>>> print(open('query-v1.txt').read())   # compact mmCIF, C-alpha atoms
# COMPACT_ATOMS: atom_id res chain seq x y z
CA MET A 1 -56.46 2.10 -67.99
CA SER A 2 -53.95 -0.61 -66.99
CA ASN A 3 -52.34 -1.96 -63.86
CA ARG A 4 -49.23 -2.92 -65.81
CA ILE A 5 -46.26 -0.69 -64.98
CA LEU A 6 -45.29 1.23 -68.11
CA CYS A 7 -42.99 3.75 -66.48
CA ASP A 8 -41.51 3.77 -62.95
CA PHE A 9 -40.12 7.10 -61.77
CA ARG A 10 -39.58 6.16 -58.12
CA SER A 11 -35.78 5.74 -58.30
CA ASP A 12 -32.87 4.88 -60.56
CA THR A 13 -32.20 1.97 -58.18
CA LEU A 14 -34.97 0.17 -60.09
CA THR A 15 -32.80 -0.38 -63.17
CA THR A 16 -32.34 -3.96 -64.27
CA PRO A 17 -29.27 -5.42 -66.01
CA CYS A 18 -29.48 -5.53 -69.79
CA ALA A 19 -28.69 -8.64 -71.86
CA GLY A 20 -25.09 -7.54 -72.40
CA MET A 21 -24.54 -7.03 -68.69
CA ARG A 22 -26.12 -10.39 -67.85
CA ALA A 23 -23.84 -12.08 -70.37
CA ALA A 24 -20.79 -10.40 -68.83
CA MET A 25 -21.88 -11.62 -65.40
CA ALA A 26 -22.43 -15.16 -66.63
CA ASP A 27 -19.01 -15.27 -68.28
CA ALA A 28 -17.08 -13.63 -65.41
CA GLU A 29 -13.84 -15.22 -64.28
CA VAL A 30 -14.08 -15.62 -60.51
CA GLY A 31 -12.06 -16.52 -57.44
CA ASP A 32 -12.29 -16.05 -53.67
CA ASP A 33 -12.27 -12.30 -53.07
CA VAL A 34 -11.71 -12.67 -49.31
CA TYR A 35 -8.36 -14.19 -50.31
CA GLY A 36 -7.92 -11.36 -52.80
CA GLU A 37 -8.09 -13.89 -55.64
CA ASP A 38 -11.11 -12.82 -57.68
CA PRO A 39 -9.61 -11.40 -60.89
CA THR A 40 -12.79 -9.62 -61.98
CA VAL A 41 -13.16 -7.81 -58.65
CA LEU A 42 -9.50 -6.79 -58.81
CA ARG A 43 -9.99 -5.49 -62.34
CA LEU A 44 -13.05 -3.41 -61.36
CA GLN A 45 -11.18 -1.93 -58.40
CA ASP A 46 -8.14 -1.08 -60.54
CA GLN A 47 -10.29 0.51 -63.24
CA LEU A 48 -12.12 2.82 -60.85
CA ALA A 49 -8.97 3.77 -58.93
CA GLU A 50 -7.32 4.72 -62.23
CA ARG A 51 -10.32 6.68 -63.50
CA LEU A 52 -10.57 8.68 -60.29
CA GLY A 53 -6.83 9.23 -59.94
CA LYS A 54 -6.55 7.40 -56.62
CA ASP A 55 -4.18 4.74 -55.29
CA ALA A 56 -6.65 1.96 -54.59
CA ALA A 57 -10.29 0.89 -54.48
CA LEU A 58 -12.44 -1.67 -52.67
CA PHE A 59 -15.69 -3.35 -53.78
CA PHE A 60 -18.66 -3.30 -51.38
CA ALA A 61 -22.13 -4.79 -51.41
CA SER A 62 -23.86 -1.42 -50.95
CA GLY A 63 -23.35 2.33 -50.84
CA THR A 64 -24.29 2.48 -47.17
CA GLN A 65 -21.61 -0.09 -46.34
CA SER A 66 -19.05 1.73 -48.50
CA ASN A 67 -19.79 5.10 -46.89
CA LEU A 68 -19.69 3.57 -43.41
CA ALA A 69 -16.34 1.84 -43.92
CA GLY A 70 -14.97 5.03 -45.42
CA MET A 71 -16.07 7.18 -42.49
CA LEU A 72 -14.81 4.65 -39.95
CA ALA A 73 -11.45 4.57 -41.75
CA HIS A 74 -11.11 8.32 -41.23
CA CYS A 75 -12.40 8.66 -37.68
CA GLY A 76 -12.04 7.07 -34.26
CA ARG A 77 -14.39 6.95 -31.29
CA GLY A 78 -15.07 10.40 -29.86
CA GLU A 79 -14.26 12.13 -33.13
CA GLU A 80 -16.71 14.02 -35.32
CA ILE A 81 -17.95 14.16 -38.89
CA ILE A 82 -19.29 17.49 -40.18
CA VAL A 83 -22.04 16.58 -42.66
CA GLY A 84 -24.81 18.35 -44.55
CA ALA A 85 -28.13 18.06 -42.70
CA PRO A 86 -30.02 16.70 -45.76
CA TYR A 87 -27.27 14.34 -46.89
CA HIS A 88 -27.84 10.60 -47.19
CA THR A 89 -25.03 9.68 -44.78
CA TYR A 90 -26.79 11.65 -42.03
CA VAL A 91 -30.48 11.04 -42.77
CA TYR A 92 -30.75 7.63 -44.41
CA GLU A 93 -27.92 5.41 -43.19
CA ALA A 94 -29.25 4.58 -39.70
CA ALA A 95 -26.53 6.66 -37.97
CA GLY A 96 -24.15 3.75 -38.52
CA ALA A 97 -21.02 5.81 -37.88
CA SER A 98 -22.39 6.74 -34.44
CA VAL A 99 -23.97 3.40 -33.55
CA LEU A 100 -21.11 1.19 -34.69
CA GLY A 101 -18.13 3.54 -34.59
CA GLY A 102 -18.79 5.88 -31.67
CA ILE A 103 -18.39 8.84 -34.07
CA ALA A 104 -20.43 12.01 -33.68
CA LEU A 105 -22.37 13.17 -36.73
CA TYR A 106 -22.65 16.96 -36.67
CA PRO A 107 -25.29 18.11 -39.20
CA VAL A 108 -24.95 21.59 -40.70
CA PRO A 109 -27.14 23.56 -43.13
CA VAL A 110 -26.35 23.50 -46.83
CA ALA A 111 -26.50 26.46 -49.19
CA ASP A 112 -29.05 26.36 -52.01
CA GLY A 113 -29.97 22.84 -50.93
CA ARG A 114 -26.57 21.56 -52.06
CA HIS A 115 -23.17 22.47 -50.63
CA ILE A 116 -21.60 23.23 -47.26
CA THR A 117 -20.09 26.71 -47.40
CA PRO A 118 -16.62 27.62 -46.10
CA ASP A 119 -18.18 29.85 -43.42
CA THR A 120 -20.36 26.97 -42.21
CA ILE A 121 -17.32 24.70 -42.01
CA ARG A 122 -15.29 27.25 -40.08
CA ALA A 123 -18.14 27.71 -37.60
CA ALA A 124 -18.64 23.95 -37.19
CA VAL A 125 -15.02 22.95 -36.46
CA LYS A 126 -14.59 22.55 -32.71
CA GLU A 127 -11.88 24.11 -30.59
CA ASP A 128 -9.17 21.86 -29.19
CA ASP A 129 -11.03 21.52 -25.90
CA ASN A 130 -11.79 18.35 -23.96
CA HIS A 131 -15.44 19.39 -23.72
CA HIS A 132 -15.89 18.80 -27.46
CA ALA A 133 -15.67 15.98 -29.95
CA ILE A 134 -12.63 16.20 -32.21
CA SER A 135 -13.59 17.48 -35.66
CA ARG A 136 -11.98 15.03 -38.07
CA LEU A 137 -13.90 14.71 -41.35
CA LEU A 138 -16.02 16.72 -43.78
CA ALA A 139 -18.61 14.45 -45.45
CA CYS A 140 -20.00 15.78 -48.74
CA GLU A 141 -22.44 14.47 -51.35
CA HIS A 142 -22.72 14.79 -55.13
CA THR A 143 -25.18 15.00 -56.74
CA VAL A 144 -27.52 16.33 -54.03
CA SER A 145 -31.12 15.48 -54.91
CA GLY A 146 -29.94 15.34 -58.50
CA ARG A 147 -28.45 18.83 -58.37
CA VAL A 148 -24.85 19.53 -59.28
CA ILE A 149 -22.28 21.61 -57.44
CA PRO A 150 -19.67 23.54 -59.46
CA LEU A 151 -16.17 22.15 -59.04
CA GLU A 152 -14.79 25.45 -57.80
CA THR A 153 -17.46 25.57 -55.08
CA ILE A 154 -16.46 22.07 -53.98
CA ARG A 155 -12.79 23.06 -53.86
CA GLN A 156 -13.55 26.08 -51.70
CA SER A 157 -15.29 23.85 -49.17
CA THR A 158 -12.65 21.12 -49.11
CA ASP A 159 -9.79 23.64 -49.01
CA THR A 160 -11.40 25.22 -45.94
CA ALA A 161 -11.80 21.82 -44.33
CA ARG A 162 -8.13 20.97 -44.91
CA ALA A 163 -7.03 24.33 -43.53
CA HIS A 164 -8.72 23.25 -40.29
CA GLY A 165 -7.14 19.80 -40.22
CA LEU A 166 -10.08 17.82 -41.63
CA ASN A 167 -10.05 15.02 -44.18
CA CYS A 168 -12.77 14.93 -46.85
CA HIS A 169 -15.11 12.12 -47.93
CA LEU A 170 -17.59 12.19 -50.82
CA ASP A 171 -20.77 10.14 -51.01
CA GLY A 172 -20.74 9.88 -54.80
CA ALA A 173 -23.88 7.79 -55.16
CA ARG A 174 -24.52 9.61 -58.46
CA PHE A 175 -20.91 10.65 -59.05
CA PHE A 176 -21.00 9.99 -62.79
CA ASN A 177 -24.24 11.97 -63.23
CA ALA A 178 -22.29 14.90 -61.83
CA VAL A 179 -19.29 14.18 -64.07
CA VAL A 180 -21.51 14.11 -67.17
CA ALA A 181 -23.44 17.24 -66.17
CA LEU A 182 -20.28 19.21 -65.39
CA ASP A 183 -18.47 17.77 -68.44
CA ILE A 184 -15.29 17.14 -66.47
CA ASP A 185 -12.85 14.30 -65.98
CA PRO A 186 -13.78 11.94 -63.11
CA ALA A 187 -10.34 12.45 -61.57
CA ALA A 188 -10.98 16.21 -61.35
CA LEU A 189 -14.17 15.67 -59.34
CA ALA A 190 -12.49 13.09 -57.10
CA ALA A 191 -9.32 15.12 -56.50
CA PRO A 192 -10.59 17.28 -53.60
CA PHE A 193 -11.51 14.18 -51.57
CA ASP A 194 -9.49 11.59 -49.68
CA THR A 195 -12.16 8.95 -50.24
CA VAL A 196 -15.07 8.67 -52.68
CA SER A 197 -17.89 6.12 -52.61
CA ILE A 198 -19.15 5.26 -56.10
CA CYS A 199 -22.53 3.52 -56.42
CA LEU A 200 -22.88 1.20 -59.41
CA SER A 201 -26.54 0.24 -58.92
CA LYS A 202 -28.29 3.54 -59.68
CA GLY A 203 -27.87 5.28 -63.03
CA LEU A 204 -25.08 2.90 -64.05
CA GLY A 205 -27.59 0.07 -63.97
CA THR A 206 -25.88 -2.79 -62.12
CA PRO A 207 -27.94 -5.01 -59.80
CA VAL A 208 -25.72 -4.45 -56.74
CA GLY A 209 -22.48 -2.90 -55.57
CA SER A 210 -20.46 0.19 -54.69
CA VAL A 211 -16.75 0.92 -54.74
CA LEU A 212 -14.75 2.99 -52.26
CA VAL A 213 -11.70 4.70 -53.77
CA GLY A 214 -8.95 6.57 -51.98
CA ASN A 215 -5.33 6.51 -50.88
CA ARG A 216 -3.72 3.18 -50.13
CA ASP A 217 -3.63 3.53 -46.33
CA LEU A 218 -7.30 4.48 -46.01
CA ILE A 219 -8.41 1.69 -48.34
CA ALA A 220 -6.33 -0.78 -46.31
CA LYS A 221 -8.20 0.34 -43.17
CA ALA A 222 -11.51 0.09 -45.03
CA HIS A 223 -10.63 -3.47 -46.11
CA ARG A 224 -10.33 -4.57 -42.47
CA LEU A 225 -13.54 -2.69 -41.64
CA ARG A 226 -15.40 -4.34 -44.52
CA LYS A 227 -14.61 -7.73 -43.00
CA MET A 228 -15.74 -6.52 -39.57
CA LEU A 229 -19.02 -5.29 -41.08
CA GLY A 230 -19.69 -8.67 -42.69
CA GLY A 231 -18.92 -7.38 -46.16
CA GLY A 232 -16.39 -9.98 -47.29
CA MET A 233 -17.69 -11.79 -50.37
CA ARG A 234 -16.37 -14.88 -52.09
CA GLN A 235 -16.89 -15.31 -55.87
CA ALA A 236 -17.99 -11.68 -56.20
CA GLY A 237 -16.69 -11.42 -59.76
CA VAL A 238 -20.18 -12.14 -61.06
CA LEU A 239 -21.21 -8.81 -59.49
CA ALA A 240 -18.02 -6.95 -60.34
CA ALA A 241 -18.42 -7.92 -64.00
CA ALA A 242 -21.65 -5.92 -64.07
CA GLY A 243 -19.71 -2.91 -62.78
CA ILE A 244 -17.03 -3.28 -65.46
CA TYR A 245 -19.75 -3.49 -68.12
CA ALA A 246 -21.43 -0.38 -66.69
CA LEU A 247 -18.20 1.63 -66.76
CA ALA A 248 -17.72 0.72 -70.41
CA HIS A 249 -21.31 1.22 -71.63
CA ASN A 250 -23.49 3.20 -69.24
CA ILE A 251 -21.67 6.41 -68.33
CA GLY A 252 -22.08 8.33 -71.59
CA ARG A 253 -25.75 7.40 -71.81
CA LEU A 254 -26.49 9.22 -68.53
CA ALA A 255 -26.83 12.34 -70.70
CA GLU A 256 -29.96 10.71 -72.19
CA ASP A 257 -31.52 10.52 -68.71
CA HIS A 258 -30.67 14.17 -68.12
CA ALA A 259 -32.23 15.18 -71.44
CA ARG A 260 -35.42 13.23 -70.77
CA ALA A 261 -35.64 14.77 -67.29
CA HIS A 262 -35.35 18.23 -68.83
CA ASP A 263 -38.06 17.33 -71.35
CA LEU A 264 -40.38 16.09 -68.59
CA ALA A 265 -39.75 19.16 -66.43
CA SER A 266 -40.60 21.48 -69.33
CA PHE A 267 -43.74 19.47 -70.05
CA LEU A 268 -44.91 19.62 -66.43
CA SER A 269 -44.21 23.35 -66.21
CA ASN A 270 -46.26 23.96 -69.36
CA HIS A 271 -49.15 21.98 -67.86
CA ASN A 272 -49.28 24.03 -64.65
CA ALA A 273 -48.17 21.11 -62.49
CA GLY A 274 -46.96 23.33 -59.67
CA GLU A 275 -43.37 24.29 -58.91
CA VAL A 276 -41.01 22.17 -61.01
CA VAL A 277 -37.25 21.86 -60.34
CA GLN A 278 -34.92 19.74 -62.47
CA ASP A 279 -31.22 19.02 -62.60
CA THR A 280 -29.45 15.95 -64.05
CA ASN A 281 -31.84 12.95 -63.96
CA MET A 282 -34.31 14.14 -61.30
CA VAL A 283 -37.46 16.22 -61.49
CA PHE A 284 -39.07 17.55 -58.31
CA LEU A 285 -42.71 18.52 -58.30
CA ARG A 286 -43.98 20.68 -55.45
CA GLY A 287 -47.61 21.58 -54.93
CA ALA A 288 -49.24 19.45 -57.64
CA PRO A 289 -52.88 20.56 -57.86
CA ASP A 290 -54.33 17.03 -57.62
CA ASP A 291 -53.99 15.28 -54.22
CA MET A 292 -54.95 11.98 -55.85
CA LEU A 293 -52.33 12.29 -58.60
CA ASP A 294 -50.29 9.31 -57.39
CA ASP A 295 -53.25 6.92 -57.48
CA LYS A 296 -54.52 8.21 -60.81
CA MET A 297 -51.11 7.84 -62.41
CA ARG A 298 -50.71 4.33 -60.99
CA ARG A 299 -53.96 3.29 -62.66
CA CYS A 300 -52.38 4.42 -65.94
CA GLY A 301 -49.30 2.28 -65.28
CA ILE A 302 -47.13 5.17 -64.10
CA GLU A 303 -45.41 4.99 -60.69
CA ILE A 304 -44.31 8.32 -59.24
CA GLY A 305 -43.97 7.53 -55.54
CA GLY A 306 -45.44 9.35 -52.60
CA PRO A 307 -47.69 10.92 -51.74
CA TYR A 308 -45.31 13.60 -50.51
CA ASP A 309 -45.38 17.38 -50.41
CA ILE A 310 -42.57 17.16 -52.95
CA ARG A 311 -42.76 14.35 -55.49
CA ARG A 312 -39.51 13.05 -56.99
CA LEU A 313 -39.45 11.74 -60.55
CA VAL A 314 -36.21 9.96 -61.43
CA LEU A 315 -35.23 9.22 -65.02
CA HIS A 316 -33.05 6.18 -65.69
CA LYS A 317 -32.04 3.76 -68.42
CA ASP A 318 -35.25 1.71 -68.17
CA ILE A 319 -37.37 4.75 -69.08
CA ASP A 320 -37.06 5.19 -72.83
CA ASP A 321 -38.82 7.66 -75.11
CA SER A 322 -41.95 5.50 -75.45
CA ALA A 323 -42.29 5.11 -71.67
CA LEU A 324 -41.79 8.85 -71.20
CA SER A 325 -44.46 9.55 -73.83
CA ALA A 326 -46.90 7.31 -71.96
CA ALA A 327 -46.15 9.17 -68.74
CA LYS A 328 -46.63 12.58 -70.36
CA LYS A 329 -49.97 11.45 -71.79
CA ALA A 330 -51.10 10.36 -68.30
CA PHE A 331 -49.86 13.56 -66.69
CA ALA A 332 -51.71 15.65 -69.30
CA GLU A 333 -54.94 13.78 -68.57
CA HIS A 334 -54.77 14.14 -64.79
CA LEU A 335 -53.23 17.58 -64.40
>>> encode(input="query-v1.txt", output="structure tokens")
Amino acid sequence: MSNRILCDFRSDTLTTPCAGMRAAMADAEVGDDVYGEDPTVLRLQDQLAERLGKDAALFFASGTQSNLAGMLAHCGRGEEIIVGAPYHTYVYEAAGASVLGGIALYPVPVADGRHITPDTIRAAVKEDDNHHAISRLLACEHTVSGRVIPLETIRQSTDTARAHGLNCHLDGARFFNAVVALDIDPAALAAPFDTVSICLSKGLGTPVGSVLVGNRDLIAKAHRLRKMLGGGMRQAGVLAAAGIYALAHNIGRLAEDHARAHDLASFLSNHNAGEVVQDTNMVFLRGAPDDMLDDKMRRCGIEIGGPYDIRRLVLHKDIDDSALSAAKKAFAEHL
């Protein structure tokens, strides 16, 4: 037994920058980004805008800030965002759009735990009546708890939203996990949306940062909002350099996380660990037979988070084959 952490499944936010990324950060050319003079930030923004087929992009300190500025750029006070009830922008971002922007968040059910159906969108859009908020934006998410949504399903939802006068925003916290799993071009996944928030600090392995991409007018609004939200940074190129490194080195390797997650899910299923669900880099374990599993695994140096009714195991770049083997050995002992 050991108290040393050998394998940490709690989240892919736990990734740490590798030596190559640290070197890129140390060598970054910098300037004052509030003046628009940091060349490394400008290069990161241009690279992501080009990859996603959009006009412009803007670097943010966090995904929550990026999503918030994006939603505020779309909507005014008294307007409404239709959002999936389990989505991060509704559940885990402190209702910022409502608190700071006076925007109503209207949560709706999602099909198969993932997408908002066309019928749900049609039912949620309000009549042009002064008793109601004005439906303005459809807020989607991808991946959803690690699960992917087929591109055609996404297009059906966004096409329905546009037919009812709505814009579309995507919380793409794990956008590139979805791109790799669907084996499509990033621009194809971004195309149905007016704005997309890309997180760099999860599977892509940077220490901090997200980028909002979209059309030029919306990004210009978001730029003003970023300043209002306290998000203007100075020599931010040291952070942007990590993002540029990640785009060059850490997208293709996401398939390794997906493969290890599939391996772990198969292992847990074969060891009668309860109901096991896996897609991309996440494994969900429901009804594990041992209530003390979390503590027992921790004593073996394995962090799994919880205790919850559903335990989430997230694979990421800092869990290699040897760490996964140690985790499987511990699971086998305690299951």
>>> atom_distance(input="query-v1.txt", atom1="atom CA of A:Gly209", atom2="atom CA of A:Gly237")
11.1 Å
>>> closest_residue(input="query-v1.txt", among="A:Ser66, A:Thr160, A:Thr206, A:Asn272", to="A:Leu247", atoms="only C-alpha atoms")
A:Thr206
>>> closest_residue(input="query-v1.txt", among="A:Leu182, A:Ala191, A:Ala173, A:Leu200", to="A:Asp159", atoms="all atoms listed in the file")
A:Ala191
>>> closest_residue(input="query-v1.txt", among="A:Val213, A:Leu204, A:Met233, A:Leu293", to="A:Gly252", atoms="only C-alpha atoms")
A:Leu204
>>> closest_residue(input="query-v1.txt", among="A:Arg147, A:Leu189, A:Glu333, A:Ala139", to="A:Val277", atoms="only C-alpha atoms")
A:Arg147
>>> atom_distance(input="query-v1.txt", atom1="atom CA of A:Ala259", atom2="atom CA of A:Ala111")
25.6 Å
>>> residues_around(input="query-v1.txt", residues="A:Leu170", least_positions_apart="4", cutoff="8 Å", atoms="all atoms listed in the file", output="ChimeraX atom specification")
/A:139-142,193,195-197
>>> residues_around(input="query-v1.txt", residues="A:Val83", least_positions_apart="6", cutoff="9 Å", atoms="only C-alpha atoms", output="PDB file with C-alpha atoms, in the coordinates of the input")
ATOM      1  CA  THR A  89     -25.030   9.680 -44.780  1.00  0.00           C
ATOM      2  CA  TYR A  90     -26.790  11.650 -42.030  1.00  0.00           C
ATOM      3  CA  LEU A 105     -22.370  13.170 -36.730  1.00  0.00           C
ATOM      4  CA  TYR A 106     -22.650  16.960 -36.670  1.00  0.00           C
ATOM      5  CA  PRO A 107     -25.290  18.110 -39.200  1.00  0.00           C
ATOM      6  CA  VAL A 108     -24.950  21.590 -40.700  1.00  0.00           C
ATOM      7  CA  PRO A 109     -27.140  23.560 -43.130  1.00  0.00           C
ATOM      8  CA  ILE A 116     -21.600  23.230 -47.260  1.00  0.00           C
ATOM      9  CA  LEU A 137     -13.900  14.710 -41.350  1.00  0.00           C
ATOM     10  CA  LEU A 138     -16.020  16.720 -43.780  1.00  0.00           C
ATOM     11  CA  ALA A 139     -18.610  14.450 -45.450  1.00  0.00           C
ATOM     12  CA  CYS A 140     -20.000  15.780 -48.740  1.00  0.00           C
ATOM     13  CA  GLU A 141     -22.440  14.470 -51.350  1.00  0.00           C
TER      14      GLU A 141
END
>>> atom_distance(input="query-v1.txt", atom1="atom CA of A:Lys202", atom2="atom CA of A:Thr16")
9.7 Å
>>> closest_residue(input="query-v1.txt", among="A:Asp8, A:Asn281, A:Asp320, A:Lys227", to="A:Ile302", atoms="all atoms listed in the file")
A:Asp8
>>> closest_residue(input="query-v1.txt", among="A:Thr64, A:Asn130, A:Asn250, A:Ser322", to="A:Met21", atoms="all atoms listed in the file")
A:Asn250
>>> residues_around(input="query-v1.txt", residues="A:Ile198", least_positions_apart="3", cutoff="8 Å", atoms="only C-alpha atoms", output="list in words")
Gly63, Asp171, Gly172, Ala173, Arg174, Phe175, Ser210, Val211, Leu212 and Val213 of chain A
>>> residues_around(input="query-v1.txt", residues="A:Gly301", least_positions_apart="3", cutoff="10 Å", atoms="all atoms listed in the file", output="JSON, numbers by chain")
{"A": [1, 2, 3, 4, 5, 6, 7, 8, 295, 296, 297, 298, 304, 323, 326, 327, 330]}
>>> residues_around(input="query-v1.txt", residues="A:Asn215", least_positions_apart="5", cutoff="7 Å", atoms="all atoms listed in the file", output="ChimeraX atom specification")
/A:54-56,194
>>> decode(input="query-v1.txt", residues="stretch 186-270 of chain A", atoms="C-alpha atoms", output="PDB file, in the first residue's frame")
ATOM      1  CA  PRO A 186     -12.565  20.719 -36.815  1.00  0.00           C
ATOM      2  CA  ALA A 187     -14.176  23.217 -39.192  1.00  0.00           C
ATOM      3  CA  ALA A 188     -16.989  20.747 -39.910  1.00  0.00           C
ATOM      4  CA  LEU A 189     -17.848  20.448 -36.214  1.00  0.00           C
ATOM      5  CA  ALA A 190     -17.638  24.215 -35.719  1.00  0.00           C
ATOM      6  CA  ALA A 191     -19.663  25.115 -38.823  1.00  0.00           C
ATOM      7  CA  PRO A 192     -23.165  24.786 -37.296  1.00  0.00           C
ATOM      8  CA  PHE A 193     -22.311  27.295 -34.547  1.00  0.00           C
ATOM      9  CA  ASP A 194     -21.867  31.064 -34.484  1.00  0.00           C
ATOM     10  CA  THR A 195     -19.449  30.831 -31.556  1.00  0.00           C
ATOM     11  CA  VAL A 196     -17.414  27.968 -30.099  1.00  0.00           C
ATOM     12  CA  SER A 197     -15.492  27.963 -26.815  1.00  0.00           C
ATOM     13  CA  ILE A 198     -12.380  25.763 -26.960  1.00  0.00           C
ATOM     14  CA  CYS A 199     -10.746  24.727 -23.676  1.00  0.00           C
ATOM     15  CA  LEU A 200      -6.986  24.196 -23.828  1.00  0.00           C
ATOM     16  CA  SER A 201      -6.459  23.010 -20.245  1.00  0.00           C
ATOM     17  CA  LYS A 202      -8.208  19.627 -20.311  1.00  0.00           C
ATOM     18  CA  GLY A 203      -7.143  16.893 -22.717  1.00  0.00           C
ATOM     19  CA  LEU A 204      -4.869  19.284 -24.608  1.00  0.00           C
ATOM     20  CA  GLY A 205      -2.765  19.619 -21.481  1.00  0.00           C
ATOM     21  CA  THR A 206      -2.091  23.341 -21.077  1.00  0.00           C
ATOM     22  CA  PRO A 207      -2.010  24.865 -17.576  1.00  0.00           C
ATOM     23  CA  VAL A 208      -4.650  27.529 -18.300  1.00  0.00           C
ATOM     24  CA  GLY A 209      -6.738  29.083 -21.040  1.00  0.00           C
ATOM     25  CA  SER A 210      -9.661  28.873 -23.449  1.00  0.00           C
ATOM     26  CA  VAL A 211     -10.330  30.475 -26.808  1.00  0.00           C
ATOM     27  CA  LEU A 212     -13.644  31.775 -28.144  1.00  0.00           C
ATOM     28  CA  VAL A 213     -13.976  31.588 -31.932  1.00  0.00           C
ATOM     29  CA  GLY A 214     -16.698  33.039 -34.119  1.00  0.00           C
ATOM     30  CA  ASN A 215     -17.598  35.722 -36.617  1.00  0.00           C
ATOM     31  CA  ARG A 216     -15.810  39.043 -36.434  1.00  0.00           C
ATOM     32  CA  ASP A 217     -18.709  41.073 -35.006  1.00  0.00           C
ATOM     33  CA  LEU A 218     -19.427  38.646 -32.170  1.00  0.00           C
ATOM     34  CA  ILE A 219     -15.748  38.350 -31.251  1.00  0.00           C
ATOM     35  CA  ALA A 220     -15.496  42.159 -31.214  1.00  0.00           C
ATOM     36  CA  LYS A 221     -18.382  42.255 -28.719  1.00  0.00           C
ATOM     37  CA  ALA A 222     -16.749  39.492 -26.682  1.00  0.00           C
ATOM     38  CA  HIS A 223     -13.494  41.483 -26.598  1.00  0.00           C
ATOM     39  CA  ARG A 224     -15.244  44.402 -24.892  1.00  0.00           C
ATOM     40  CA  LEU A 225     -17.011  41.976 -22.549  1.00  0.00           C
ATOM     41  CA  ARG A 226     -13.735  40.263 -21.657  1.00  0.00           C
ATOM     42  CA  LYS A 227     -12.396  43.608 -20.442  1.00  0.00           C
ATOM     43  CA  MET A 228     -15.593  44.225 -18.461  1.00  0.00           C
ATOM     44  CA  LEU A 229     -15.264  40.801 -16.834  1.00  0.00           C
ATOM     45  CA  GLY A 230     -11.692  41.513 -15.758  1.00  0.00           C
ATOM     46  CA  GLY A 231     -10.242  39.174 -18.345  1.00  0.00           C
ATOM     47  CA  GLY A 232      -7.716  41.478 -19.997  1.00  0.00           C
ATOM     48  CA  MET A 233      -4.215  40.066 -19.592  1.00  0.00           C
ATOM     49  CA  ARG A 234      -0.861  41.656 -20.316  1.00  0.00           C
ATOM     50  CA  GLN A 235       2.092  39.444 -21.356  1.00  0.00           C
ATOM     51  CA  ALA A 236      -0.217  36.472 -21.890  1.00  0.00           C
ATOM     52  CA  GLY A 237       1.999  34.991 -24.586  1.00  0.00           C
ATOM     53  CA  VAL A 238       3.597  32.723 -21.992  1.00  0.00           C
ATOM     54  CA  LEU A 239       0.171  31.064 -21.660  1.00  0.00           C
ATOM     55  CA  ALA A 240      -0.735  31.238 -25.342  1.00  0.00           C
ATOM     56  CA  ALA A 241       2.521  29.485 -26.223  1.00  0.00           C
ATOM     57  CA  ALA A 242       1.302  26.449 -24.295  1.00  0.00           C
ATOM     58  CA  GLY A 243      -1.852  26.481 -26.431  1.00  0.00           C
ATOM     59  CA  ILE A 244       0.139  26.647 -29.670  1.00  0.00           C
ATOM     60  CA  TYR A 245       2.276  23.720 -28.484  1.00  0.00           C
ATOM     61  CA  ALA A 246      -0.863  21.752 -27.598  1.00  0.00           C
ATOM     62  CA  LEU A 247      -2.418  22.312 -31.019  1.00  0.00           C
ATOM     63  CA  ALA A 248       0.747  21.017 -32.657  1.00  0.00           C
ATOM     64  CA  HIS A 249       1.423  18.017 -30.391  1.00  0.00           C
ATOM     65  CA  ASN A 250      -1.563  16.995 -28.263  1.00  0.00           C
ATOM     66  CA  ILE A 251      -4.584  16.615 -30.532  1.00  0.00           C
ATOM     67  CA  GLY A 252      -3.674  13.362 -32.278  1.00  0.00           C
ATOM     68  CA  ARG A 253      -2.674  11.742 -28.997  1.00  0.00           C
ATOM     69  CA  LEU A 254      -6.218  12.134 -27.633  1.00  0.00           C
ATOM     70  CA  ALA A 255      -6.931   8.838 -29.402  1.00  0.00           C
ATOM     71  CA  GLU A 256      -4.572   7.208 -26.864  1.00  0.00           C
ATOM     72  CA  ASP A 257      -6.773   8.452 -24.006  1.00  0.00           C
ATOM     73  CA  HIS A 258      -9.843   7.082 -25.769  1.00  0.00           C
ATOM     74  CA  ALA A 259      -8.181   3.694 -26.262  1.00  0.00           C
ATOM     75  CA  ARG A 260      -7.096   3.472 -22.631  1.00  0.00           C
ATOM     76  CA  ALA A 261     -10.611   4.436 -21.505  1.00  0.00           C
ATOM     77  CA  HIS A 262     -12.033   1.638 -23.650  1.00  0.00           C
ATOM     78  CA  ASP A 263      -9.497  -0.784 -22.161  1.00  0.00           C
ATOM     79  CA  LEU A 264     -10.411   0.259 -18.613  1.00  0.00           C
ATOM     80  CA  ALA A 265     -14.146   0.018 -19.311  1.00  0.00           C
ATOM     81  CA  SER A 266     -13.753  -3.515 -20.679  1.00  0.00           C
ATOM     82  CA  PHE A 267     -11.657  -4.486 -17.666  1.00  0.00           C
ATOM     83  CA  LEU A 268     -14.227  -3.134 -15.197  1.00  0.00           C
ATOM     84  CA  SER A 269     -17.085  -4.845 -17.016  1.00  0.00           C
ATOM     85  CA  ASN A 270     -15.233  -8.162 -16.894  1.00  0.00           C
TER      86      ASN A 270
END
